[in-house]
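Novice: Handing you a structure now.
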Amino acid sequence: MLIRQEKIEDHNKTYELIKEAFLSAEHRDGNEQDLVSALRKGTAFIPELSIVAEVNGELAGHILFTKAKVQSIDVLVLAPLSVKPKFQNKGIGTALVNFGHSVAVNLGYEYIMVLGSDLYYKRFGYVPAESLGVEVPENIPSRNFMAVKLNKNAEPLSGNLIYAKEFGM
């Protein structure tokens, strides 16, 4: 498996990968691939944090982290994480998350937020975001709105997460 930064020439394949990955996902809105396309064009996009996994030259997974804020503190949002169904349960998602965390630390980010499975993300150190001072958005179960603190000395958070406008939140 090769984990690397997504290239422009990957965009069409990534679009199809995300669409396929979310067809049978428990939590989906059906527009995840369009969200990624929109985020790439926005000011929250960080090219180094659009990451793909390749298996034998085939794109198997993708993860995207984009800029957000809590008060004046820059944080990241992980969304979405996509793995093609035929490659699921083979450690690709785990490799993408861990690689993304490493890149985020190297870029100086101290927190990452995610709206997702509390069972899945817990293994990466994610905890309910409210326990780190981030208010839970309306109509979102608090157990699914999570955060990870990448730097133990990070300034404490307090307030709402301000997503990139492309999220529509």
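Residues in the structure tokens are named by chain (A, B, ... in the order shown) and by number from 1 within that chain; ligands are numbered from 1 in the order shown.
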List as a ChimeraX atom specification the protein and nucleic acid residues near Lys149 (chain A), meaning an atom at most 7 Å away when only C-alpha atoms are counted, but skip any in the same chain fewer than 5 places from it.
Specialist: /A:110-112
Novice: Could the residues in this selection be saved with C-alpha atoms as an mmCIF file, in the first residue's frame?
Specialist:
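And here's again_7.cif as it stands now:
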data_model
loop_
_atom_site.group_PDB
_atom_site.id
_atom_site.type_symbol
_atom_site.label_atom_id
_atom_site.label_comp_id
_atom_site.auth_asym_id
_atom_site.auth_seq_id
_atom_site.Cartn_x
_atom_site.Cartn_y
_atom_site.Cartn_z
ATOM 1 C CA GLU A 110 -3.279 20.864 17.247
ATOM 2 C CA TYR A 111 -6.879 19.676 16.970
ATOM 3 C CA ILE A 112 -8.985 17.704 14.501
#
Novice: Applying 12 Å and only C-alpha atoms, which residues near Pro141 (chain A) remain after dropping the ones on its own chain fewer than 6 positions away? List them as a PyMOL selection string.
Specialist: chain A and resi 115-118+128-130+135
Novice: Calculate how many Å separate CA of Ala44 (chain A) from CA of Asn139 (chain A), rounding to one decimal.
Specialist: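 Computed distance, CA of Ala44 (chain A) to CA of Asn139 (chain A), equals 24.0 Å.
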Novice: For Lys7 (chain A), which residue among A:Ser50, A:Thr43, A:Asn31, A:Ser102 is the nearest when counting only C-alpha atoms?
Specialist: A:Ser50
Novice: Write out as an NGL selection string the set of residues from chain A that DSSP, computed on the backbone, places in alpha helix (DSSP H).
Specialist: :A and (11-22 or 32-41 or 92-106 or 118-121)
Novice: One decimal, in Å: what's the spacing between CA of Ile63 (chain A) and CA of Ile51 (chain A)?
Specialist: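 Separation between CA of Ile63 (chain A) and CA of Ile51 (chain A): 5.3 Å.
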Novice: Write out as a list in words the residues lying within 12 Å of Val105 (chain A), counting only C-alpha atoms and excluding same-chain residues fewer than 6 positions away.
Specialist: Glu48, Leu49, Val75, Leu76, Asn98, Phe99, Tyr111, Ile112, Val148, Lys149, Leu150, Asn151, Lys152 and Ala154 of chain A
Novice: Taking the backbone alone, and naming residues the way the document does, which bits of region 15-166 of chain A are strand (DSSP E or B) by DSSP, as a PyMOL selection string?
Specialist: chain A and resi 45-55+58-70+73-83+111-115+127-128+134-135+145-149+159-162
Novice: Could those residues be written to a file, using C-alpha atoms, as an mmCIF file, in the first residue's frame?
Specialist:
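Result file is out_18.cif:
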data_model
loop_
_atom_site.group_PDB
_atom_site.id
_atom_site.type_symbol
_atom_site.label_atom_id
_atom_site.label_comp_id
_atom_site.auth_asym_id
_atom_site.auth_seq_id
_atom_site.Cartn_x
_atom_site.Cartn_y
_atom_site.Cartn_z
ATOM 1 C CA PHE A 45 -8.457 23.319 1.303
ATOM 2 C CA ILE A 46 -4.933 22.179 2.233
ATOM 3 C CA PRO A 47 -3.411 20.144 -0.625
ATOM 4 C CA GLU A 48 -1.085 18.203 1.710
ATOM 5 C CA LEU A 49 -4.133 16.959 3.629
ATOM 6 C CA SER A 50 -5.978 15.477 0.661
ATOM 7 C CA ILE A 51 -4.485 12.010 0.865
ATOM 8 C CA VAL A 52 -4.986 8.805 -1.102
ATOM 9 C CA ALA A 53 -4.085 5.164 -0.598
ATOM 10 C CA GLU A 54 -3.034 3.060 -3.580
ATOM 11 C CA VAL A 55 -2.990 -0.720 -3.732
ATOM 12 C CA GLU A 58 -5.378 1.374 -7.910
ATOM 13 C CA LEU A 59 -6.846 4.112 -5.729
ATOM 14 C CA ALA A 60 -8.273 2.288 -2.727
ATOM 15 C CA GLY A 61 -9.003 5.113 -0.291
ATOM 16 C CA HIS A 62 -9.074 8.853 0.280
ATOM 17 C CA ILE A 63 -9.170 11.165 3.287
ATOM 18 C CA LEU A 64 -9.575 14.920 3.457
ATOM 19 C CA PHE A 65 -8.826 17.351 6.271
ATOM 20 C CA THR A 66 -9.824 21.003 5.827
ATOM 21 C CA LYS A 67 -9.366 24.192 7.842
ATOM 22 C CA ALA A 68 -11.932 25.299 10.380
ATOM 23 C CA LYS A 69 -11.959 27.477 13.501
ATOM 24 C CA VAL A 70 -13.051 27.346 17.109
ATOM 25 C CA ILE A 73 -7.977 28.873 16.967
ATOM 26 C CA ASP A 74 -7.264 27.099 13.674
ATOM 27 C CA VAL A 75 -8.352 23.459 13.732
ATOM 28 C CA LEU A 76 -8.990 20.778 11.134
ATOM 29 C CA VAL A 77 -12.104 18.868 10.136
ATOM 30 C CA LEU A 78 -11.742 15.286 8.918
ATOM 31 C CA ALA A 79 -14.354 14.681 6.235
ATOM 32 C CA PRO A 80 -14.781 12.453 4.465
ATOM 33 C CA LEU A 81 -12.836 9.226 4.906
ATOM 34 C CA SER A 82 -13.547 6.881 1.996
ATOM 35 C CA VAL A 83 -12.394 3.353 1.244
ATOM 36 C CA TYR A 111 -6.879 19.676 16.970
ATOM 37 C CA ILE A 112 -8.985 17.704 14.501
ATOM 38 C CA MET A 113 -12.795 17.422 14.607
ATOM 39 C CA VAL A 114 -14.885 14.694 13.001
ATOM 40 C CA LEU A 115 -18.561 13.854 12.726
ATOM 41 C CA VAL A 127 -13.243 11.865 22.301
ATOM 42 C CA PRO A 128 -16.546 13.751 22.425
ATOM 43 C CA VAL A 134 -16.284 22.514 21.578
ATOM 44 C CA GLU A 135 -20.047 22.987 21.490
ATOM 45 C CA PHE A 145 -19.199 14.857 17.182
ATOM 46 C CA MET A 146 -15.624 14.143 18.214
ATOM 47 C CA ALA A 147 -12.199 15.717 18.432
ATOM 48 C CA VAL A 148 -8.621 14.673 18.944
ATOM 49 C CA LYS A 149 -5.980 16.836 20.584
ATOM 50 C CA GLY A 159 -16.944 27.641 21.529
ATOM 51 C CA ASN A 160 -18.544 26.564 18.276
ATOM 52 C CA LEU A 161 -16.755 24.882 15.414
ATOM 53 C CA ILE A 162 -16.905 27.120 12.349
#
Novice: From the options A:Tyr120, A:Ser158, A:Arg40, A:His11, which residue's atoms come nearest to Asn144 (chain A), counting only C-alpha atoms?
Specialist: A:Tyr120
Novice: May I ask for the distance between CA of Leu17 (chain A) and CA of Ser142 (chain A), given in Å to one decimal place?
Specialist: 28.8 Å
Novice: Excluding Leu35 (chain A) and any residue of its chain fewer than 2 positions from it, enumerate the residues within 12 Å of it, using only C-alpha atoms, and give them as a list in words.
Specialist: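 Here the answer would be Tyr15, Ile18, Lys19, Arg28, Asp29, Gly30, Asn31, Glu32, Gln33, Ser37, Ala38, Leu39, Arg40, Lys41, Gly42, Phe45, Leu64, Thr66, Ala79, Pro80, Ala164, Lys165, Glu166, Phe167 and Gly168 of chain A.
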Novice: In terms of the shortest atom-to-atom distance over only C-alpha atoms, which of A:Pro156, A:Leu119, A:Ala104, A:Gly93 is closest to Ser131 (chain A)?
Specialist: A:Pro156
